[in-house]
file input.txt (compact mmCIF, C-alpha atoms and all ligand atoms)
# COMPACT_ATOMS: atom_id res chain seq x y z
CA ASN G 1 114.87 88.79 102.94
CA ILE G 2 111.37 87.44 103.35
CA GLY G 3 112.06 86.62 107.00
CA SER G 4 112.58 90.24 108.02
CA ARG G 5 110.33 91.75 110.64
CA ILE G 6 109.38 95.30 111.44
CA GLU G 7 109.03 96.52 115.01
CA LEU G 8 105.53 97.75 115.82
CA ALA G 9 104.78 100.63 118.20
CA ASP G 10 103.86 98.13 120.95
CA GLY G 11 107.30 96.49 120.73
CA ASN G 12 106.16 93.33 118.93
CA LYS G 13 107.77 92.39 115.63
CA MET G 14 105.76 91.59 112.50
CA PRO G 15 107.00 89.97 109.28
CA VAL G 16 106.92 92.58 106.51
CA HIS G 17 105.92 90.06 103.84
CA GLY G 18 103.10 87.57 104.33
CA LEU G 19 100.51 85.44 102.56
CA GLY G 20 96.86 86.48 102.27
CA VAL G 21 94.29 83.68 102.21
CA TYR G 22 91.16 85.53 101.10
CA ARG G 23 88.95 83.36 98.87
CA MET G 24 90.84 80.19 99.71
CA THR G 25 87.74 78.19 100.51
CA ASP G 26 89.01 74.74 99.62
CA GLU G 27 90.65 73.28 102.70
CA ASP G 28 93.25 71.15 100.91
CA GLN G 29 94.18 74.01 98.65
CA LEU G 30 94.62 76.31 101.63
CA ILE G 31 96.70 73.77 103.54
CA ASN G 32 98.94 73.23 100.52
CA SER G 33 99.31 76.97 99.94
CA VAL G 34 100.36 77.61 103.54
CA LYS G 35 102.79 74.70 103.45
CA SER G 36 104.27 75.85 100.20
CA ALA G 37 104.56 79.44 101.43
CA TYR G 38 106.19 78.32 104.68
CA SER G 39 108.86 76.43 102.76
CA ASP G 40 109.53 79.59 100.74
CA GLY G 41 110.08 81.54 103.97
CA TYR G 42 106.66 83.15 104.54
CA ARG G 43 105.90 83.42 108.25
CA LEU G 44 102.81 85.66 108.33
CA PHE G 45 99.38 84.35 107.34
CA ASP G 46 96.45 86.73 107.03
CA THR G 47 92.90 85.46 107.51
CA ALA G 48 89.59 86.92 108.75
CA GLN G 49 86.31 85.74 110.23
CA MET G 50 84.69 86.89 107.01
CA TYR G 51 86.82 84.56 104.85
CA GLY G 52 85.21 81.50 106.45
CA ASN G 53 88.53 79.65 106.47
CA GLU G 54 89.94 80.13 109.98
CA ALA G 55 89.45 76.42 110.71
CA ALA G 56 91.41 75.48 107.60
CA VAL G 57 94.14 77.93 108.60
CA GLY G 58 94.17 76.22 112.01
CA LYS G 59 94.70 72.84 110.39
CA ALA G 60 97.36 74.23 108.09
CA ILE G 61 99.29 75.67 111.04
CA LYS G 62 98.98 72.46 112.98
CA ASP G 63 100.31 70.54 109.97
CA LEU G 64 103.34 72.82 109.81
CA ASN G 65 104.23 71.59 113.28
CA VAL G 66 106.50 74.55 114.06
CA LYS G 67 107.14 76.57 117.19
CA ARG G 68 104.30 79.01 117.79
CA ASP G 69 106.53 82.09 117.83
CA GLU G 70 107.99 81.20 114.45
CA ILE G 71 104.76 82.16 112.72
CA PHE G 72 102.57 85.24 112.87
CA ILE G 73 98.80 84.89 112.52
CA THR G 74 96.43 87.75 111.77
CA THR G 75 92.66 87.55 111.89
CA LYS G 76 89.95 90.20 111.67
CA ILE G 77 86.65 90.78 113.41
CA ALA G 78 83.78 90.86 110.92
CA GLU G 79 81.40 93.80 110.80
CA GLU G 80 78.50 91.80 112.22
CA ASN G 81 80.64 90.86 115.22
CA GLN G 82 81.45 94.39 116.30
CA GLY G 83 80.37 95.60 119.77
CA TYR G 84 82.01 94.56 123.06
CA ASP G 85 80.27 91.24 123.73
CA LYS G 86 80.25 90.07 120.13
CA VAL G 87 83.93 90.82 119.68
CA MET G 88 84.68 88.78 122.81
CA SER G 89 82.51 85.79 121.89
CA SER G 90 83.33 85.71 118.19
CA PHE G 91 87.04 86.02 118.98
CA GLU G 92 86.77 82.99 121.23
CA ASP G 93 85.32 81.07 118.27
CA SER G 94 88.12 82.30 116.02
CA LEU G 95 90.77 81.10 118.47
CA LYS G 96 89.12 77.68 118.65
CA LYS G 97 88.95 77.40 114.88
CA LEU G 98 92.57 78.49 114.58
CA GLN G 99 93.51 76.01 117.36
CA LEU G 100 95.65 78.72 118.95
CA ASP G 101 96.14 80.17 122.43
CA TYR G 102 96.62 83.66 121.02
CA VAL G 103 96.71 85.51 117.72
CA ASP G 104 99.57 87.81 116.86
CA LEU G 105 97.44 90.55 115.33
CA LEU G 106 93.71 91.22 115.53
CA LEU G 107 92.20 93.81 113.20
CA VAL G 108 88.84 95.58 113.04
CA HIS G 109 87.97 94.54 109.47
CA TRP G 110 86.05 97.70 108.49
CA PRO G 111 85.14 100.86 110.37
CA ILE G 112 81.46 101.11 111.23
CA HIS G 113 80.11 103.87 113.40
CA THR G 114 77.85 101.68 115.52
CA HIS G 115 79.89 100.21 118.37
CA PHE G 116 82.96 102.14 117.19
CA PHE G 117 84.49 102.65 120.64
CA GLU G 118 82.99 99.57 122.27
CA THR G 119 84.62 97.37 119.66
CA TRP G 120 87.97 98.95 120.36
CA ARG G 121 87.51 98.58 124.11
CA ALA G 122 87.11 94.83 123.53
CA PHE G 123 90.32 94.84 121.46
CA GLU G 124 92.16 96.55 124.31
CA ALA G 125 90.76 93.97 126.76
CA LEU G 126 91.89 91.04 124.57
CA LYS G 127 95.37 92.52 124.40
CA GLU G 128 95.38 93.04 128.16
CA GLN G 129 94.41 89.37 128.60
CA GLY G 130 97.25 88.25 126.34
CA LEU G 131 94.90 86.57 123.87
CA VAL G 132 96.03 89.00 121.21
CA LYS G 133 99.60 90.31 121.02
CA SER G 134 98.91 93.37 118.85
CA ILE G 135 95.75 95.23 117.91
CA GLY G 136 95.06 97.17 114.75
CA THR G 137 92.53 98.37 112.26
CA SER G 138 91.74 97.85 108.60
CA ASN G 139 90.31 100.28 106.10
CA TYR G 140 90.50 103.15 108.62
CA GLY G 141 90.97 106.63 107.19
CA MET G 142 92.39 109.69 108.93
CA LEU G 143 89.05 110.68 110.46
CA HIS G 144 88.51 107.22 111.87
CA LEU G 145 91.93 107.20 113.49
CA GLN G 146 91.59 110.72 114.83
CA TYR G 147 88.18 109.89 116.26
CA LEU G 148 89.51 106.67 117.80
CA ALA G 149 92.36 108.64 119.39
CA THR G 150 89.86 110.73 121.36
CA LYS G 151 89.04 107.71 123.56
CA ALA G 152 91.52 104.92 122.96
CA ASN G 153 94.05 103.85 125.56
CA ASP G 154 96.10 101.90 123.02
CA MET G 155 96.16 103.08 119.43
CA PRO G 156 96.29 100.61 116.52
CA VAL G 157 99.82 99.57 115.62
CA VAL G 158 98.85 98.35 112.13
CA ASN G 159 96.33 99.73 109.64
CA GLN G 160 95.67 97.32 106.79
CA LEU G 161 94.63 99.24 103.68
CA GLU G 162 94.03 98.66 100.01
CA VAL G 163 97.34 99.84 98.54
CA HIS G 164 98.83 99.10 95.12
CA PRO G 165 100.28 101.17 92.27
CA TYR G 166 96.80 102.26 91.12
CA LEU G 167 95.86 103.32 94.68
CA SER G 168 99.08 104.37 96.34
CA GLN G 169 97.36 106.19 99.26
CA GLN G 170 100.49 108.26 99.87
CA ALA G 171 98.79 110.76 102.20
CA MET G 172 97.23 107.97 104.24
CA VAL G 173 100.50 106.02 104.40
CA ASP G 174 102.27 109.19 105.60
CA PHE G 175 99.53 109.79 108.17
CA ASP G 176 99.91 106.23 109.50
CA ARG G 177 103.69 106.62 109.70
CA ASP G 178 103.40 109.95 111.54
CA ASN G 179 101.18 108.17 114.06
CA HIS G 180 103.52 105.18 114.53
CA ILE G 181 101.15 102.87 112.65
CA VAL G 182 102.50 100.40 110.10
CA THR G 183 100.52 100.35 106.85
CA GLN G 184 99.99 96.82 105.61
CA ALA G 185 98.90 96.68 101.99
CA TRP G 186 95.99 94.41 101.08
CA ALA G 187 95.51 93.55 97.40
CA PRO G 188 99.15 94.60 97.01
CA LEU G 189 99.02 93.27 93.44
CA GLY G 190 95.83 95.18 92.71
CA ARG G 191 94.26 91.72 92.53
CA GLY G 192 95.97 91.12 89.20
CA ARG G 193 94.67 94.24 87.46
CA ILE G 194 98.06 95.90 87.08
CA PHE G 195 100.01 93.10 85.44
CA ASP G 196 99.29 94.38 81.93
CA ASP G 197 100.42 97.91 82.66
CA PRO G 198 103.08 98.84 80.07
CA VAL G 199 105.18 100.76 82.61
CA ILE G 200 105.29 97.72 84.91
CA ILE G 201 105.99 95.35 82.03
CA LYS G 202 108.90 97.45 80.80
CA ILE G 203 110.50 97.63 84.22
CA ALA G 204 109.92 93.90 84.73
CA GLU G 205 111.58 93.04 81.42
CA SER G 206 114.62 95.16 82.18
CA HIS G 207 115.20 93.25 85.43
CA GLY G 208 114.23 89.82 84.11
CA LYS G 209 111.44 89.73 86.72
CA SER G 210 107.65 89.35 86.53
CA ALA G 211 105.15 92.19 86.87
CA ALA G 212 104.08 90.79 90.26
CA GLN G 213 107.68 90.85 91.49
CA VAL G 214 108.16 94.48 90.39
CA ILE G 215 104.97 95.54 92.18
CA LEU G 216 105.94 93.76 95.41
CA ARG G 217 109.44 95.23 95.22
CA TRP G 218 107.85 98.69 94.92
CA HIS G 219 105.91 98.02 98.15
CA LEU G 220 109.05 96.84 99.90
CA GLN G 221 111.14 99.87 98.90
CA ARG G 222 108.29 102.20 99.78
CA GLY G 223 108.19 100.80 103.31
CA ASP G 224 104.81 99.03 103.18
CA ALA G 225 104.15 95.67 104.79
CA PHE G 226 102.25 93.49 102.28
CA ILE G 227 100.32 90.21 101.96
CA PRO G 228 99.93 88.99 98.36
CA LYS G 229 97.67 86.02 97.78
CA SER G 230 98.13 83.08 95.44
CA VAL G 231 97.21 79.40 95.58
CA HIS G 232 99.78 78.33 92.99
CA PRO G 233 103.07 77.11 94.49
CA GLN G 234 105.14 78.62 91.66
CA ARG G 235 103.49 82.00 92.08
CA ILE G 236 103.76 81.86 95.85
CA GLN G 237 107.46 81.24 95.36
CA GLN G 238 107.78 83.89 92.66
CA ASN G 239 106.15 86.42 94.99
CA ALA G 240 108.75 85.59 97.63
CA ASP G 241 111.65 86.00 95.23
CA ILE G 242 111.98 89.80 95.28
CA TYR G 243 115.11 90.22 97.38
CA ASP G 244 117.76 89.93 94.66
CA PHE G 245 117.05 93.09 92.65
CA GLU G 246 116.36 96.75 93.27
CA LEU G 247 114.26 99.41 91.58
CA SER G 248 116.09 102.66 90.85
CA ASN G 249 114.70 105.99 92.07
CA ASP G 250 113.53 106.65 88.55
CA GLU G 251 111.70 103.31 88.40
CA MET G 252 110.12 103.95 91.81
CA ASN G 253 108.92 107.33 90.51
CA GLN G 254 107.51 105.73 87.37
CA VAL G 255 105.47 103.28 89.46
CA ASP G 256 104.38 106.08 91.82
CA GLY G 257 103.17 107.91 88.72
CA LEU G 258 100.65 105.14 87.94
CA ASN G 259 98.41 106.12 90.86
CA ARG G 260 94.85 106.81 89.72
CA ASN G 261 93.06 106.61 93.07
CA THR G 262 90.84 103.75 91.93
CA ARG G 263 89.61 101.31 94.54
CA ILE G 264 88.69 97.64 94.32
CA SER G 265 86.75 98.03 97.58
CA GLN G 266 84.11 100.50 98.56
CA GLU G 267 85.11 103.78 100.17
CA PRO G 268 85.26 103.20 103.96
CA GLU G 269 82.35 104.76 105.80
CA MET G 270 82.79 108.15 107.44
CA VAL G 271 82.45 108.40 111.20
CA TYR G 272 80.92 111.35 112.98
P1 LIG G 301 96.23 90.43 95.56
O1 LIG G 301 96.57 91.80 95.12
O2 LIG G 301 97.12 89.74 96.51
O3 LIG G 301 96.06 89.60 94.22
C1 LIG G 301 95.80 88.23 94.27
C2 LIG G 301 95.55 87.69 92.86
O4 LIG G 301 96.64 88.04 92.00
C3 LIG G 301 95.52 86.17 92.89
O5 LIG G 301 94.22 85.71 93.10
C4 LIG G 301 96.06 85.80 91.54
O6 LIG G 301 95.01 85.78 90.64
C5 LIG G 301 96.99 86.92 91.20
N1 LIG G 301 98.42 86.60 91.41
C6 LIG G 301 99.09 86.54 92.59
N2 LIG G 301 100.40 86.32 92.39
C7 LIG G 301 100.57 86.23 91.05
C8 LIG G 301 101.69 86.03 90.23
N3 LIG G 301 102.92 85.89 90.73
N4 LIG G 301 101.51 85.98 88.89
C9 LIG G 301 100.27 86.13 88.36
N5 LIG G 301 99.16 86.35 89.09
C10 LIG G 301 99.31 86.39 90.43
O7 LIG G 301 94.71 90.48 96.11
P2 LIG G 301 93.90 89.99 97.39
O8 LIG G 301 93.90 88.52 97.55
O9 LIG G 301 92.61 90.66 97.34
O10 LIG G 301 94.72 90.63 98.61
C11 LIG G 301 95.70 89.94 99.34
C12 LIG G 301 95.25 89.64 100.75
O11 LIG G 301 94.86 90.84 101.42
C13 LIG G 301 93.98 88.79 100.82
O12 LIG G 301 94.22 87.44 100.53
C14 LIG G 301 93.54 89.05 102.22
O13 LIG G 301 94.30 88.28 103.13
C15 LIG G 301 93.84 90.53 102.36
N6 LIG G 301 92.66 91.41 102.12
C16 LIG G 301 92.21 92.21 103.12
C17 LIG G 301 91.12 93.05 102.94
C18 LIG G 301 90.66 93.93 104.04
O14 LIG G 301 89.58 94.54 103.93
N7 LIG G 301 91.40 94.08 105.10
C19 LIG G 301 90.44 93.05 101.71
C20 LIG G 301 90.90 92.22 100.70
C21 LIG G 301 92.02 91.42 100.90
call {"tool": "encode", "arguments": {"input": "input.txt", "output": "structure tokens"}}
result
Amino acid sequence: NIGSRIELADGNKMPVHGLGVYRMTDEDQLINSVKSAYSDGYRLFDTAQMYGNEAAVGKAIKDLNVKRDEIFITTKIAEENQGYDKVMSSFEDSLKKLQLDYVDLLLVHWPIHTHFFETWRAFEALKEQGLVKSIGTSNYGMLHLQYLATKANDMPVVNQLEVHPYLSQQAMVDFDRDNHIVTQAWAPLGRGRIFDDPVIIKIAESHGKSAAQVILRWHLQRGDAFIPKSVHPQRIQQNADIYDFELSNDEMNQVDGLNRNTRISQEPEMVY
């Protein structure tokens, strides 16, 4: 069910299914979305310095008034805050805004070659200090991870990547798995661009489910972690309601077959 957690390589456990809050800029809307998601069983909330809403997430969490270890909070260091000192000081700001003593998962938002290792050294220090329980990356490709491995003491335990049926990233997902890294899919719904796909619609109709539910179920059965975003309580609930049906192997293959390697985001920068 939506409460299930996956064990990360560092021994911590992360909910497989969470709520993304990108572009939730209205504070009341964000607070209501988090509240609504919590009542549907969501326990992971994914924000970032770049989203400009960490303070609203902090208020939303406070409003929930639940035990800290019941929820799992991810934030990400923005590109302009990379480098040892900036990671440390900007992270302190993030914690204040979030009104937390620690975050569960801290990600490098995008790979950039300046400060590549220094940034990671700061991540390792924050983990050492207990201010961050798990450290990971986002939008890292194979070269980035291989390069990081040449100097890292702790490797990322999560790599958050754009993954959806039009960008299945199978080779990258396999690479992550082989390196004990959990792939967490961002834009798991392809930001709404896949809902009209006839293959998805047909499968959805045959199960009496929505296109969004079929896509999320595909992620689940594939072994991805995923963080769909919505601000509408009915959709937040609909996106949680994917645990009472199953896609057949043939249906999984049909969705796999939709891959066209098209990105919403830019191609992550190469590191040399
Ligand atoms: P998404 O694939 O989750 O799609 C969200 C959009 O789909 C919504 O805005 C809504 O329009 C629509 N939608 C959602 N549920 C629906 C439903 N049941 N029925 C109809 N329409 C529905 O895209 P996203 O928000 O870009 O990605 C999810 C989260 O991933 C973000 O909120 C953010 O937390 C994270 N993210 C991370 C990065 C990164 O670089 N690491 C980049 C982008 C997003």
call {"tool": "atom_distance", "arguments": {"input": "input.txt", "atom1": "atom CA of G:Ala48", "atom2": "atom CA of G:Pro111"}}
result
14.7 Å
call {"tool": "atom_distance", "arguments": {"input": "input.txt", "atom1": "atom CA of G:His219", "atom2": "atom CA of G:Gly141"}}
result
19.5 Å
call {"tool": "residues_near_ligand", "arguments": {"input": "input.txt", "ligand": "ligand LIG 301 (chain G)", "cutoff": "7 Å", "atoms": "all atoms listed in the file", "output": "ChimeraX atom specification"}}
result
/G:19-23,46-47,109-110,138-139,160-162,186-192,212-213,227-230,235-236,238-239
call {"tool": "write_last_selection", "arguments": {"input": "input.txt", "atoms": "C-alpha atoms", "output": "compact mmCIF listing (two decimals), in the frame of the given file"}}
result
# COMPACT_ATOMS: atom_id res chain seq x y z
CA LEU G 19 100.51 85.44 102.56
CA GLY G 20 96.86 86.48 102.27
CA VAL G 21 94.29 83.68 102.21
CA TYR G 22 91.16 85.53 101.10
CA ARG G 23 88.95 83.36 98.87
CA ASP G 46 96.45 86.73 107.03
CA THR G 47 92.90 85.46 107.51
CA HIS G 109 87.97 94.54 109.47
CA TRP G 110 86.05 97.70 108.49
CA SER G 138 91.74 97.85 108.60
CA ASN G 139 90.31 100.28 106.10
CA GLN G 160 95.67 97.32 106.79
CA LEU G 161 94.63 99.24 103.68
CA GLU G 162 94.03 98.66 100.01
CA TRP G 186 95.99 94.41 101.08
CA ALA G 187 95.51 93.55 97.40
CA PRO G 188 99.15 94.60 97.01
CA LEU G 189 99.02 93.27 93.44
CA GLY G 190 95.83 95.18 92.71
CA ARG G 191 94.26 91.72 92.53
CA GLY G 192 95.97 91.12 89.20
CA ALA G 212 104.08 90.79 90.26
CA GLN G 213 107.68 90.85 91.49
CA ILE G 227 100.32 90.21 101.96
CA PRO G 228 99.93 88.99 98.36
CA LYS G 229 97.67 86.02 97.78
CA SER G 230 98.13 83.08 95.44
CA ARG G 235 103.49 82.00 92.08
CA ILE G 236 103.76 81.86 95.85
CA GLN G 238 107.78 83.89 92.66
CA ASN G 239 106.15 86.42 94.99
call {"tool": "atom_distance", "arguments": {"input": "input.txt", "atom1": "atom CA of G:Asn259", "atom2": "atom CA of G:Ser168"}}
result
5.8 Å
call {"tool": "residues_around", "arguments": {"input": "input.txt", "residues": "G:Lys202", "least_positions_apart": "4", "cutoff": "12 Å", "atoms": "only C-alpha atoms", "output": "PyMOL selection string"}}
result
chain G and resi 195-198+206-211+214+251+254-255
call {"tool": "residues_around", "arguments": {"input": "input.txt", "residues": "G:Ile6", "least_positions_apart": "2", "cutoff": "7 Å", "atoms": "only C-alpha atoms", "output": "JSON, numbers by chain"}}
result
{"G": [4, 8, 13, 14, 15, 16]}
call {"tool": "closest_residue", "arguments": {"input": "input.txt", "among": "G:Val103, G:Leu98, G:Ala122, G:Ile201", "to": "G:Lys59", "atoms": "only C-alpha atoms"}}
result
G:Leu98
call {"tool": "closest_residue", "arguments": {"input": "input.txt", "among": "G:Arg5, G:His17, G:Arg43, G:Lys62", "to": "G:Arg217", "atoms": "all atoms listed in the file"}}
result
G:His17
